[in-house]
Structure formats: structure tokens, C-alpha cells
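As provided, my_file_30.pdb (PDB, C-alpha atoms and all ligand atoms) reads as follows.
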```pdb
ATOM      1  CA  MET A 217      33.855 -68.472 -33.378  1.00  0.00           C
ATOM      2  CA  LEU A 218      36.353 -70.247 -35.633  1.00  0.00           C
ATOM      3  CA  GLY A 219      39.569 -68.343 -36.299  1.00  0.00           C
ATOM      4  CA  ALA A 220      42.688 -68.958 -38.307  1.00  0.00           C
ATOM      5  CA  ILE A 221      46.047 -67.592 -37.259  1.00  0.00           C
ATOM      6  CA  VAL A 222      48.983 -67.390 -39.645  1.00  0.00           C
ATOM      7  CA  VAL A 223      52.212 -65.625 -40.452  1.00  0.00           C
ATOM      8  CA  VAL A 224      52.099 -64.823 -44.150  1.00  0.00           C
ATOM      9  CA  ALA A 225      54.590 -63.115 -46.429  1.00  0.00           C
ATOM     10  CA  GLU A 226      53.707 -60.657 -49.179  1.00  0.00           C
ATOM     11  CA  ASN A 227      53.777 -63.465 -51.763  1.00  0.00           C
ATOM     12  CA  GLY A 228      51.324 -65.564 -49.681  1.00  0.00           C
ATOM     13  CA  ALA A 229      54.085 -67.840 -48.428  1.00  0.00           C
ATOM     14  CA  ILE A 230      53.769 -69.514 -45.043  1.00  0.00           C
ATOM     15  CA  GLY A 231      56.423 -72.226 -44.992  1.00  0.00           C
ATOM     16  CA  TYR A 232      59.553 -73.722 -46.370  1.00  0.00           C
ATOM     17  CA  ASN A 233      60.860 -77.272 -46.146  1.00  0.00           C
ATOM     18  CA  GLY A 234      58.449 -78.259 -43.361  1.00  0.00           C
ATOM     19  CA  GLY A 235      59.178 -75.241 -41.193  1.00  0.00           C
ATOM     20  CA  LEU A 236      58.326 -71.574 -40.799  1.00  0.00           C
ATOM     21  CA  LEU A 237      59.808 -68.857 -43.011  1.00  0.00           C
ATOM     22  CA  CYS A 238      61.712 -67.137 -40.250  1.00  0.00           C
ATOM     23  CA  HIS A 239      62.068 -66.773 -36.511  1.00  0.00           C
ATOM     24  CA  LEU A 240      60.011 -63.799 -35.329  1.00  0.00           C
ATOM     25  CA  PRO A 241      59.912 -63.723 -31.516  1.00  0.00           C
ATOM     26  CA  ALA A 242      57.327 -60.910 -31.466  1.00  0.00           C
ATOM     27  CA  ASP A 243      54.947 -63.149 -33.346  1.00  0.00           C
ATOM     28  CA  LEU A 244      55.447 -66.062 -30.968  1.00  0.00           C
ATOM     29  CA  LYS A 245      54.348 -63.772 -28.133  1.00  0.00           C
ATOM     30  CA  HIS A 246      51.366 -62.503 -30.141  1.00  0.00           C
ATOM     31  CA  PHE A 247      50.409 -66.064 -31.100  1.00  0.00           C
ATOM     32  CA  LYS A 248      50.460 -67.129 -27.463  1.00  0.00           C
ATOM     33  CA  GLU A 249      48.351 -64.163 -26.351  1.00  0.00           C
ATOM     34  CA  VAL A 250      45.718 -64.772 -29.034  1.00  0.00           C
ATOM     35  CA  THR A 251      45.417 -68.551 -28.721  1.00  0.00           C
ATOM     36  CA  MET A 252      46.013 -69.236 -25.011  1.00  0.00           C
ATOM     37  CA  GLY A 253      43.133 -71.179 -23.476  1.00  0.00           C
ATOM     38  CA  CYS A 254      41.501 -71.925 -26.838  1.00  0.00           C
ATOM     39  CA  PRO A 255      41.496 -75.231 -28.732  1.00  0.00           C
ATOM     40  CA  ILE A 256      43.949 -75.273 -31.640  1.00  0.00           C
ATOM     41  CA  ILE A 257      43.481 -77.457 -34.719  1.00  0.00           C
ATOM     42  CA  MET A 258      46.429 -78.383 -36.921  1.00  0.00           C
ATOM     43  CA  GLY A 259      47.524 -80.763 -39.624  1.00  0.00           C
ATOM     44  CA  ARG A 260      49.887 -83.585 -38.757  1.00  0.00           C
ATOM     45  CA  ARG A 261      52.810 -81.937 -40.556  1.00  0.00           C
ATOM     46  CA  THR A 262      52.426 -78.704 -38.601  1.00  0.00           C
ATOM     47  CA  PHE A 263      52.231 -80.673 -35.366  1.00  0.00           C
ATOM     48  CA  GLU A 264      55.437 -82.480 -36.254  1.00  0.00           C
ATOM     49  CA  SER A 265      57.157 -79.144 -36.878  1.00  0.00           C
ATOM     50  CA  LEU A 266      56.544 -77.981 -33.299  1.00  0.00           C
ATOM     51  CA  PRO A 267      59.879 -78.186 -31.490  1.00  0.00           C
ATOM     52  CA  LYS A 268      58.425 -79.307 -28.145  1.00  0.00           C
ATOM     53  CA  GLY A 269      55.273 -81.117 -29.233  1.00  0.00           C
ATOM     54  CA  ALA A 270      51.830 -80.061 -27.983  1.00  0.00           C
ATOM     55  CA  LEU A 271      51.489 -76.391 -27.018  1.00  0.00           C
ATOM     56  CA  PRO A 272      50.645 -75.949 -23.334  1.00  0.00           C
ATOM     57  CA  GLY A 273      47.433 -74.360 -22.050  1.00  0.00           C
ATOM     58  CA  ARG A 274      45.439 -75.244 -25.157  1.00  0.00           C
ATOM     59  CA  LYS A 275      43.588 -78.339 -26.356  1.00  0.00           C
ATOM     60  CA  ASN A 276      45.794 -79.538 -29.247  1.00  0.00           C
ATOM     61  CA  VAL A 277      43.828 -81.260 -32.006  1.00  0.00           C
ATOM     62  CA  VAL A 278      45.865 -82.951 -34.751  1.00  0.00           C
ATOM     63  CA  VAL A 279      44.269 -84.104 -38.004  1.00  0.00           C
ATOM     64  CA  THR A 280      45.754 -87.125 -39.756  1.00  0.00           C
ATOM     65  CA  HIS A 281      44.622 -90.015 -41.944  1.00  0.00           C
ATOM     66  CA  ASN A 282      46.917 -92.295 -39.947  1.00  0.00           C
ATOM     67  CA  ALA A 283      44.788 -94.491 -37.695  1.00  0.00           C
ATOM     68  CA  SER A 284      47.745 -95.372 -35.485  1.00  0.00           C
ATOM     69  CA  PHE A 285      49.007 -91.818 -34.893  1.00  0.00           C
ATOM     70  CA  HIS A 286      49.459 -90.956 -31.212  1.00  0.00           C
ATOM     71  CA  ALA A 287      51.262 -88.127 -29.431  1.00  0.00           C
ATOM     72  CA  ASP A 288      51.331 -86.861 -25.868  1.00  0.00           C
ATOM     73  CA  ASN A 289      48.684 -84.295 -24.897  1.00  0.00           C
ATOM     74  CA  VAL A 290      47.019 -84.388 -28.292  1.00  0.00           C
ATOM     75  CA  THR A 291      43.472 -85.192 -29.427  1.00  0.00           C
ATOM     76  CA  VAL A 292      43.831 -87.071 -32.719  1.00  0.00           C
ATOM     77  CA  CYS A 293      41.096 -86.660 -35.353  1.00  0.00           C
ATOM     78  CA  HIS A 294      40.859 -88.350 -38.717  1.00  0.00           C
ATOM     79  CA  SER A 295      38.936 -85.684 -40.598  1.00  0.00           C
ATOM     80  CA  VAL A 296      38.385 -81.947 -40.436  1.00  0.00           C
ATOM     81  CA  ASP A 297      34.736 -82.547 -39.496  1.00  0.00           C
ATOM     82  CA  GLU A 298      35.854 -84.700 -36.585  1.00  0.00           C
ATOM     83  CA  ALA A 299      38.223 -81.917 -35.447  1.00  0.00           C
ATOM     84  CA  MET A 300      35.400 -79.388 -35.634  1.00  0.00           C
ATOM     85  CA  ALA A 301      33.142 -81.668 -33.583  1.00  0.00           C
ATOM     86  CA  ALA A 302      35.903 -82.212 -31.006  1.00  0.00           C
ATOM     87  CA  THR A 303      36.169 -78.445 -30.411  1.00  0.00           C
ATOM     88  CA  ALA A 304      32.530 -77.441 -30.939  1.00  0.00           C
ATOM     89  CA  ASP A 305      31.929 -76.600 -27.275  1.00  0.00           C
ATOM     90  CA  ALA A 306      34.592 -73.825 -27.265  1.00  0.00           C
ATOM     91  CA  GLU A 307      33.518 -70.191 -27.700  1.00  0.00           C
ATOM     92  CA  ARG A 308      36.663 -69.497 -29.682  1.00  0.00           C
ATOM     93  CA  ARG A 309      38.980 -71.959 -31.448  1.00  0.00           C
ATOM     94  CA  PHE A 310      41.727 -71.635 -34.011  1.00  0.00           C
ATOM     95  CA  VAL A 311      42.996 -73.364 -37.101  1.00  0.00           C
ATOM     96  CA  LEU A 312      46.788 -73.235 -36.851  1.00  0.00           C
ATOM     97  CA  GLY A 313      47.650 -74.533 -40.287  1.00  0.00           C
ATOM     98  CA  GLY A 314      49.359 -75.644 -42.319  1.00  0.00           C
ATOM     99  CA  ALA A 315      48.395 -75.004 -45.902  1.00  0.00           C
ATOM    100  CA  GLN A 316      46.211 -78.111 -46.218  1.00  0.00           C
ATOM    101  CA  LEU A 317      44.241 -77.265 -43.087  1.00  0.00           C
ATOM    102  CA  TYR A 318      43.829 -73.596 -44.032  1.00  0.00           C
ATOM    103  CA  ALA A 319      42.644 -74.583 -47.509  1.00  0.00           C
ATOM    104  CA  SER A 320      40.072 -77.028 -46.218  1.00  0.00           C
ATOM    105  CA  THR A 321      38.652 -74.698 -43.536  1.00  0.00           C
ATOM    106  CA  ILE A 322      38.937 -71.164 -44.982  1.00  0.00           C
ATOM    107  CA  HIS A 323      35.309 -71.244 -46.160  1.00  0.00           C
ATOM    108  CA  CYS A 324      34.070 -71.524 -42.567  1.00  0.00           C
ATOM    109  CA  ILE A 325      36.618 -69.255 -40.858  1.00  0.00           C
ATOM    110  CA  ASP A 326      34.958 -66.288 -39.073  1.00  0.00           C
ATOM    111  CA  GLU A 327      38.077 -64.356 -38.087  1.00  0.00           C
ATOM    112  CA  LEU A 328      41.661 -64.156 -39.275  1.00  0.00           C
ATOM    113  CA  PHE A 329      44.732 -63.179 -37.312  1.00  0.00           C
ATOM    114  CA  LEU A 330      47.316 -62.456 -39.992  1.00  0.00           C
ATOM    115  CA  THR A 331      50.867 -61.501 -39.221  1.00  0.00           C
ATOM    116  CA  LEU A 332      51.941 -59.913 -42.486  1.00  0.00           C
ATOM    117  CA  LEU A 333      55.655 -60.241 -43.088  1.00  0.00           C
ATOM    118  CA  HIS A 334      56.842 -57.392 -45.261  1.00  0.00           C
ATOM    119  CA  ALA A 335      59.336 -59.490 -47.169  1.00  0.00           C
ATOM    120  CA  ASP A 336      59.359 -61.948 -50.043  1.00  0.00           C
ATOM    121  CA  PHE A 337      60.444 -65.529 -49.611  1.00  0.00           C
ATOM    122  CA  PRO A 338      61.021 -66.796 -53.151  1.00  0.00           C
ATOM    123  CA  GLU A 339      62.221 -70.173 -51.856  1.00  0.00           C
ATOM    124  CA  ALA A 340      58.926 -70.830 -49.996  1.00  0.00           C
ATOM    125  CA  ASP A 341      57.022 -73.999 -50.867  1.00  0.00           C
ATOM    126  CA  THR A 342      53.826 -73.636 -48.817  1.00  0.00           C
ATOM    127  CA  PHE A 343      51.167 -70.950 -49.266  1.00  0.00           C
ATOM    128  CA  PHE A 344      48.039 -69.526 -47.627  1.00  0.00           C
ATOM    129  CA  PRO A 345      44.884 -69.700 -49.750  1.00  0.00           C
ATOM    130  CA  THR A 346      44.180 -66.512 -51.695  1.00  0.00           C
ATOM    131  CA  ILE A 347      41.651 -64.423 -49.838  1.00  0.00           C
ATOM    132  CA  ASP A 348      39.395 -61.685 -51.158  1.00  0.00           C
ATOM    133  CA  PHE A 349      39.962 -58.780 -48.753  1.00  0.00           C
ATOM    134  CA  SER A 350      36.590 -57.259 -49.719  1.00  0.00           C
ATOM    135  CA  GLU A 351      34.956 -60.142 -47.827  1.00  0.00           C
ATOM    136  CA  TRP A 352      36.754 -59.178 -44.629  1.00  0.00           C
ATOM    137  CA  GLU A 353      36.377 -56.255 -42.274  1.00  0.00           C
ATOM    138  CA  GLU A 354      39.406 -54.909 -40.449  1.00  0.00           C
ATOM    139  CA  VAL A 355      39.125 -55.112 -36.659  1.00  0.00           C
ATOM    140  CA  SER A 356      42.635 -53.905 -35.873  1.00  0.00           C
ATOM    141  CA  ARG A 357      45.998 -53.303 -37.473  1.00  0.00           C
ATOM    142  CA  GLU A 358      49.325 -52.818 -35.698  1.00  0.00           C
ATOM    143  CA  ALA A 359      52.475 -52.111 -37.714  1.00  0.00           C
ATOM    144  CA  HIS A 360      55.953 -52.822 -36.343  1.00  0.00           C
ATOM    145  CA  SER A 361      59.437 -52.200 -37.657  1.00  0.00           C
ATOM    146  CA  ALA A 362      62.205 -54.744 -37.699  1.00  0.00           C
ATOM    147  CA  ASP A 363      64.491 -54.596 -34.691  1.00  0.00           C
ATOM    148  CA  GLU A 364      67.468 -56.496 -33.326  1.00  0.00           C
ATOM    149  CA  ARG A 365      65.317 -59.565 -32.534  1.00  0.00           C
ATOM    150  CA  ASN A 366      62.775 -59.460 -35.380  1.00  0.00           C
ATOM    151  CA  PRO A 367      64.452 -59.409 -38.791  1.00  0.00           C
ATOM    152  CA  PHE A 368      61.551 -58.024 -40.891  1.00  0.00           C
ATOM    153  CA  ASP A 369      58.892 -55.327 -40.685  1.00  0.00           C
ATOM    154  CA  TYR A 370      55.568 -56.949 -39.808  1.00  0.00           C
ATOM    155  CA  THR A 371      51.917 -56.049 -39.216  1.00  0.00           C
ATOM    156  CA  PHE A 372      49.418 -57.742 -36.929  1.00  0.00           C
ATOM    157  CA  LEU A 373      46.087 -57.688 -38.756  1.00  0.00           C
ATOM    158  CA  HIS A 374      42.817 -58.911 -37.231  1.00  0.00           C
ATOM    159  CA  LEU A 375      39.978 -59.411 -39.721  1.00  0.00           C
ATOM    160  CA  LYS A 376      36.387 -60.569 -39.326  1.00  0.00           C
ATOM    161  CA  ARG A 377      34.274 -61.956 -42.118  1.00  0.00           C
ATOM    162  CA  ARG A 378      31.718 -59.355 -43.282  1.00  0.00           C
TER     163      ARG A 378
HETATM  164  N1  LIG A 401      53.293 -69.386 -41.303  1.00  0.00           N
HETATM  165  C1  LIG A 401      52.460 -70.001 -40.473  1.00  0.00           C
HETATM  166  O1  LIG A 401      51.776 -69.337 -39.683  1.00  0.00           O
HETATM  167  C2  LIG A 401      52.344 -71.491 -40.495  1.00  0.00           C
HETATM  168  C3  LIG A 401      51.400 -72.120 -39.676  1.00  0.00           C
HETATM  169  C4  LIG A 401      51.332 -73.523 -39.734  1.00  0.00           C
HETATM  170  C5  LIG A 401      52.160 -74.232 -40.577  1.00  0.00           C
HETATM  171  N2  LIG A 401      53.031 -73.565 -41.354  1.00  0.00           N
HETATM  172  C6  LIG A 401      53.905 -74.297 -42.282  1.00  0.00           C
HETATM  173  O2  LIG A 401      53.098 -75.033 -43.187  1.00  0.00           O
HETATM  174  C7  LIG A 401      53.820 -76.223 -43.575  1.00  0.00           C
HETATM  175  C8  LIG A 401      52.951 -77.426 -43.298  1.00  0.00           C
HETATM  176  O3  LIG A 401      51.761 -77.316 -44.058  1.00  0.00           O
HETATM  177  P1  LIG A 401      51.231 -78.548 -44.952  1.00  0.00           P
HETATM  178  O4  LIG A 401      50.098 -78.033 -45.780  1.00  0.00           O
HETATM  179  O5  LIG A 401      52.396 -79.187 -45.615  1.00  0.00           O
HETATM  180  O6  LIG A 401      50.733 -79.594 -43.865  1.00  0.00           O
HETATM  181  P2  LIG A 401      49.600 -79.543 -42.725  1.00  0.00           P
HETATM  182  O7  LIG A 401      48.353 -78.902 -43.240  1.00  0.00           O
HETATM  183  O8  LIG A 401      50.195 -79.024 -41.468  1.00  0.00           O
HETATM  184  O9  LIG A 401      49.389 -81.112 -42.483  1.00  0.00           O
HETATM  185  C9  LIG A 401      48.999 -81.920 -43.552  1.00  0.00           C
HETATM  186  C10 LIG A 401      48.628 -83.266 -43.008  1.00  0.00           C
HETATM  187  O10 LIG A 401      47.428 -83.160 -42.245  1.00  0.00           O
HETATM  188  C11 LIG A 401      46.642 -84.312 -42.447  1.00  0.00           C
HETATM  189  N3  LIG A 401      45.400 -83.934 -43.092  1.00  0.00           N
HETATM  190  C12 LIG A 401      45.143 -82.832 -43.851  1.00  0.00           C
HETATM  191  N4  LIG A 401      43.855 -82.830 -44.246  1.00  0.00           N
HETATM  192  C13 LIG A 401      43.286 -83.944 -43.728  1.00  0.00           C
HETATM  193  C14 LIG A 401      41.979 -84.478 -43.772  1.00  0.00           C
HETATM  194  N5  LIG A 401      40.975 -83.859 -44.428  1.00  0.00           N
HETATM  195  N6  LIG A 401      41.739 -85.632 -43.118  1.00  0.00           N
HETATM  196  C15 LIG A 401      42.716 -86.260 -42.424  1.00  0.00           C
HETATM  197  N7  LIG A 401      43.987 -85.788 -42.347  1.00  0.00           N
HETATM  198  C16 LIG A 401      44.255 -84.647 -42.991  1.00  0.00           C
HETATM  199  C17 LIG A 401      47.463 -85.253 -43.300  1.00  0.00           C
HETATM  200  O11 LIG A 401      48.249 -85.991 -42.387  1.00  0.00           O
HETATM  201  P3  LIG A 401      48.755 -87.509 -42.693  1.00  0.00           P
HETATM  202  O12 LIG A 401      49.751 -87.366 -43.801  1.00  0.00           O
HETATM  203  O13 LIG A 401      49.363 -87.930 -41.392  1.00  0.00           O
HETATM  204  O14 LIG A 401      47.545 -88.267 -43.076  1.00  0.00           O
HETATM  205  C18 LIG A 401      48.327 -84.286 -44.083  1.00  0.00           C
HETATM  206  O15 LIG A 401      49.506 -84.871 -44.599  1.00  0.00           O
HETATM  207  C19 LIG A 401      55.106 -76.221 -42.765  1.00  0.00           C
HETATM  208  O16 LIG A 401      56.137 -75.635 -43.554  1.00  0.00           O
HETATM  209  C20 LIG A 401      54.768 -75.334 -41.592  1.00  0.00           C
HETATM  210  O17 LIG A 401      55.908 -74.738 -40.987  1.00  0.00           O
HETATM  211  C21 LIG A 401      53.154 -72.215 -41.344  1.00  0.00           C
END
```
Now that the file is in, can you turn its structure into C-alpha cells?
Amino acid sequence: MLGAIVVVAENGAIGYNGGLLCHLPADLKHFKEVTMGCPIIMGRRTFESLPKGALPGRKNVVVTHNASFHADNVTVCHSVDEAMAATADAERRFVLGGAQLYASTIHCIDELFLTLLHADFPEADTFFPTIDFSEWEEVSREAHSADERNPFDYTFLHLKRR
């Protein structure tokens, strides 16, 4: 099963200036629960945005064209196909972004974990590919209100391809 996991705003935005749109601690917890133990596949720019490098407890696969790229605790692949082959033995694996990686894998994604941010980010410069919701079946939906730690209303949405 190949999944994608993403925090996406109502305008489809996922990033700004190389980083995330906002700090949402509830999503970090959700992200960890969903992905722990599973291989995670990401573009080089997303990897470089991680504050502490490779995420523990998961096989970190980074895709880059750069033949000399190395990083601690990372499997480096030089194409998306190579990344898929490097994780093919896992029952469940996730594409972690960013926009380039989502765009090049969305056609073979079986399940989506969307954290919908109920806010607009007009300054955003990075976007999730447009998806046709009629192609996806809702598995679960969990709505949450903003609180003192999480600055926006948000919804955890789990979808499977029909
Ligand atoms: N909201 C979210 O959930 C979320 C999740 C992840 C990321 N983001 C955000 O998304 C932004 C980054 O996204 P991005 O689209 O700019 O970058 P990205 O997809 O993370 O990484 C792009 C890089 O990946 C490598 N790459 C991509 N396709 C490749 C291919 N077919 N073969 C070999 N290498 C390939 C290239 O690296 P080289 O240049 O080294 O060749 C390319 O420059 C950041 O703002 C980040 O915070 C948001």
C-alpha cells in the first residue's frame, strides 16, 4: 500500500519559502502515529527542511538527482522508480512530499492522509496536486477546533482510492 501524507490548506497550499505553512503540534503527533515503522519517501528539499535530519523509527528515502548527496540514516535514490523499488518490501509506505514528489507519484497513491487546514495562505508558493474527490472514498474524518497550541481549525481526513 502506497500512501501520501500531507497538510494542505483550503487553497491547496502546502509550503512557503522551503518550509511548512504553520506549526501545528497536533499534526506532528498524528503524522508520527500514522507513519511510525513505515518507510517514508521524500524529495531532497523536504529532507533538507527537517530540523533534525532523518526521522527516527522509519526508513528515510530521499530522492535527488545529485549523485554525491549523502546524509546520516538516509537511503539515497536517484529516481522515483528507484525509491519505489527500495521500499517495495514494505506492506505500507508513505510519500512525504514535497510538491514535486506528490506530483510525480499521485497517480499510483492508494491512500491519502490529508490534514485539511481551514485557513488560506495567500503567500504560499508550493501546492498539492489537484485531486478529484470522486475518485476517493472516505475512510475516516476527524474535525478539530483551534486551541491554544494549534492556531487553526483542522480536519484529519483518510481517503482510499475507489
Ligand atoms: N504540507 C506538507 O505536508 C508538506 C510536506 C512536505 C513538504 N512540504 C513543503 O514542500 C516544499 C518542498 O517541496 P518541493 O516541491 O519544493 O521539493 P521536494 O519535492 O521536497 O524536493 C524536490 C527535489 O527532489 C528531487 N527530485 C524530485 N523529483 C526527482 C526525480 N524524479 N528524480 C530525482 N530527484 C528528484 C530533486 O532534488 P535535487 O535538486 O537534489 O536533484 C528536487 O529538487 C517545502 O516548502 C516543504 O516545507 C509540505
Contacts of ligand LIG 401 (chain A), 8 Å or closer, all atoms listed in the file, given as a PyMOL selection string: chain A and resi 221-224+229-237+258-263+265+278-282+285+293-296+312-318+320+331+341-343
For the selection just defined, write its residues with C-alpha atoms to a file, as an mmCIF file, in the frame of the given file.
```
data_model
loop_
_atom_site.group_PDB
_atom_site.id
_atom_site.type_symbol
_atom_site.label_atom_id
_atom_site.label_comp_id
_atom_site.auth_asym_id
_atom_site.auth_seq_id
_atom_site.Cartn_x
_atom_site.Cartn_y
_atom_site.Cartn_z
ATOM 1 C CA ILE A 221 46.047 -67.592 -37.259
ATOM 2 C CA VAL A 222 48.983 -67.390 -39.645
ATOM 3 C CA VAL A 223 52.212 -65.625 -40.452
ATOM 4 C CA VAL A 224 52.099 -64.823 -44.150
ATOM 5 C CA ALA A 229 54.085 -67.840 -48.428
ATOM 6 C CA ILE A 230 53.769 -69.514 -45.043
ATOM 7 C CA GLY A 231 56.423 -72.226 -44.992
ATOM 8 C CA TYR A 232 59.553 -73.722 -46.370
ATOM 9 C CA ASN A 233 60.860 -77.272 -46.146
ATOM 10 C CA GLY A 234 58.449 -78.259 -43.361
ATOM 11 C CA GLY A 235 59.178 -75.241 -41.193
ATOM 12 C CA LEU A 236 58.326 -71.574 -40.799
ATOM 13 C CA LEU A 237 59.808 -68.857 -43.011
ATOM 14 C CA MET A 258 46.429 -78.383 -36.921
ATOM 15 C CA GLY A 259 47.524 -80.763 -39.624
ATOM 16 C CA ARG A 260 49.887 -83.585 -38.757
ATOM 17 C CA ARG A 261 52.810 -81.937 -40.556
ATOM 18 C CA THR A 262 52.426 -78.704 -38.601
ATOM 19 C CA PHE A 263 52.231 -80.673 -35.366
ATOM 20 C CA SER A 265 57.157 -79.144 -36.878
ATOM 21 C CA VAL A 278 45.865 -82.951 -34.751
ATOM 22 C CA VAL A 279 44.269 -84.104 -38.004
ATOM 23 C CA THR A 280 45.754 -87.125 -39.756
ATOM 24 C CA HIS A 281 44.622 -90.015 -41.944
ATOM 25 C CA ASN A 282 46.917 -92.295 -39.947
ATOM 26 C CA PHE A 285 49.007 -91.818 -34.893
ATOM 27 C CA CYS A 293 41.096 -86.660 -35.353
ATOM 28 C CA HIS A 294 40.859 -88.350 -38.717
ATOM 29 C CA SER A 295 38.936 -85.684 -40.598
ATOM 30 C CA VAL A 296 38.385 -81.947 -40.436
ATOM 31 C CA LEU A 312 46.788 -73.235 -36.851
ATOM 32 C CA GLY A 313 47.650 -74.533 -40.287
ATOM 33 C CA GLY A 314 49.359 -75.644 -42.319
ATOM 34 C CA ALA A 315 48.395 -75.004 -45.902
ATOM 35 C CA GLN A 316 46.211 -78.111 -46.218
ATOM 36 C CA LEU A 317 44.241 -77.265 -43.087
ATOM 37 C CA TYR A 318 43.829 -73.596 -44.032
ATOM 38 C CA SER A 320 40.072 -77.028 -46.218
ATOM 39 C CA THR A 331 50.867 -61.501 -39.221
ATOM 40 C CA ASP A 341 57.022 -73.999 -50.867
ATOM 41 C CA THR A 342 53.826 -73.636 -48.817
ATOM 42 C CA PHE A 343 51.167 -70.950 -49.266
#
```
- request: Could you tell me which residues the PyMOL selection byres (((chain A and resi 345) around 6) and not hetatm) grabs in this file, written as an MDAnalysis selection string?
  value: chainID A and resid 319 344 346
message: Here is a test: counting only C-alpha atoms, which residue of A:Ala335, A:Val292, A:Ala359, A:Leu375 is nearest to Ile347 (chain A)?
response: A:Leu375
message: Under the PyMOL selection byres (((chain A and resi 226) around 8) and not hetatm), which residues of this model are included? Write them out as a PyMOL selection string.
response: chain A and resi 224-225+227-229+332-336
Based on the selection just made, write C-alpha atoms of those residues as an mmCIF file, in the coordinates of the input.
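Saved to out.cif:
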```
data_model
loop_
_atom_site.group_PDB
_atom_site.id
_atom_site.type_symbol
_atom_site.label_atom_id
_atom_site.label_comp_id
_atom_site.auth_asym_id
_atom_site.auth_seq_id
_atom_site.Cartn_x
_atom_site.Cartn_y
_atom_site.Cartn_z
ATOM 1 C CA VAL A 224 52.099 -64.823 -44.150
ATOM 2 C CA ALA A 225 54.590 -63.115 -46.429
ATOM 3 C CA ASN A 227 53.777 -63.465 -51.763
ATOM 4 C CA GLY A 228 51.324 -65.564 -49.681
ATOM 5 C CA ALA A 229 54.085 -67.840 -48.428
ATOM 6 C CA LEU A 332 51.941 -59.913 -42.486
ATOM 7 C CA LEU A 333 55.655 -60.241 -43.088
ATOM 8 C CA HIS A 334 56.842 -57.392 -45.261
ATOM 9 C CA ALA A 335 59.336 -59.490 -47.169
ATOM 10 C CA ASP A 336 59.359 -61.948 -50.043
#
```
Between CA of Leu266 (chain A) and CA of Asn289 (chain A) - distance in Å to one decimal: 13.1 Å
Spell out the residues picked by the PyMOL selection byres (((chain A and resi 244) around 12) and not hetatm) here, as a PDB file with C-alpha atoms, in the frame of the given file.
```
ATOM      1  CA  ILE A 221      46.047 -67.592 -37.259  1.00  0.00           C
ATOM      2  CA  VAL A 222      48.983 -67.390 -39.645  1.00  0.00           C
ATOM      3  CA  VAL A 223      52.212 -65.625 -40.452  1.00  0.00           C
ATOM      4  CA  LEU A 236      58.326 -71.574 -40.799  1.00  0.00           C
ATOM      5  CA  CYS A 238      61.712 -67.137 -40.250  1.00  0.00           C
ATOM      6  CA  HIS A 239      62.068 -66.773 -36.511  1.00  0.00           C
ATOM      7  CA  LEU A 240      60.011 -63.799 -35.329  1.00  0.00           C
ATOM      8  CA  PRO A 241      59.912 -63.723 -31.516  1.00  0.00           C
ATOM      9  CA  ALA A 242      57.327 -60.910 -31.466  1.00  0.00           C
ATOM     10  CA  ASP A 243      54.947 -63.149 -33.346  1.00  0.00           C
ATOM     11  CA  LYS A 245      54.348 -63.772 -28.133  1.00  0.00           C
ATOM     12  CA  HIS A 246      51.366 -62.503 -30.141  1.00  0.00           C
ATOM     13  CA  PHE A 247      50.409 -66.064 -31.100  1.00  0.00           C
ATOM     14  CA  LYS A 248      50.460 -67.129 -27.463  1.00  0.00           C
ATOM     15  CA  GLU A 249      48.351 -64.163 -26.351  1.00  0.00           C
ATOM     16  CA  VAL A 250      45.718 -64.772 -29.034  1.00  0.00           C
ATOM     17  CA  THR A 251      45.417 -68.551 -28.721  1.00  0.00           C
ATOM     18  CA  MET A 252      46.013 -69.236 -25.011  1.00  0.00           C
ATOM     19  CA  LEU A 271      51.489 -76.391 -27.018  1.00  0.00           C
ATOM     20  CA  THR A 331      50.867 -61.501 -39.221  1.00  0.00           C
ATOM     21  CA  ARG A 365      65.317 -59.565 -32.534  1.00  0.00           C
ATOM     22  CA  ASN A 366      62.775 -59.460 -35.380  1.00  0.00           C
ATOM     23  CA  PHE A 372      49.418 -57.742 -36.929  1.00  0.00           C
TER      24      PHE A 372
END
```
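Distances from A:Ile257, A:Leu328, A:Ile322, A:Ala340 to Ala304 (chain A) were compared using all atoms listed in the file, and the smallest one belongs to A:Ile257.
CA of Ala299 (chain A) sits 11.1 Å away from CA of Lys275 (chain A).
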message: So that I can check the surroundings of Leu218 (chain A), please list as an NGL selection string every protein, DNA and RNA residue that reaches within 12 Å of it, counting only C-alpha atoms and ignoring chain neighbours fewer than 5 positions away.
response: :A and (251 or 254-257 or 299-300 or 303-312 or 318 or 321-329 or 376-377)
task: State, in Å with one decimal place, the distance from CA of Met217 (chain A) to CA of Arg274 (chain A).
output: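 Going from CA of Met217 (chain A) over to CA of Arg274 (chain A), I get 15.7 Å.
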message: Measuring between all atoms listed in the file, which one of A:Phe337, A:Ala302, A:Ala362, A:Pro272 shows the shortest distance to Asp288 (chain A)?
response: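 The answer is A:Pro272, which sits nearest to Asp288 (chain A).
Using all atoms listed in the file, the smallest distance between any of A:Pro267, A:Val355, A:His360, A:Val277 and Asp297 (chain A) comes from A:Val277.
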task: Choose the residue, out of A:Leu330, A:Arg378, A:Glu351, A:Asp363, that has the smallest atom-to-atom separation from Ala220 (chain A); count all atoms listed in the file.
output: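 Going through A:Leu330, A:Arg378, A:Glu351, A:Asp363 one by one, the smallest distance to Ala220 (chain A) is for A:Leu330.
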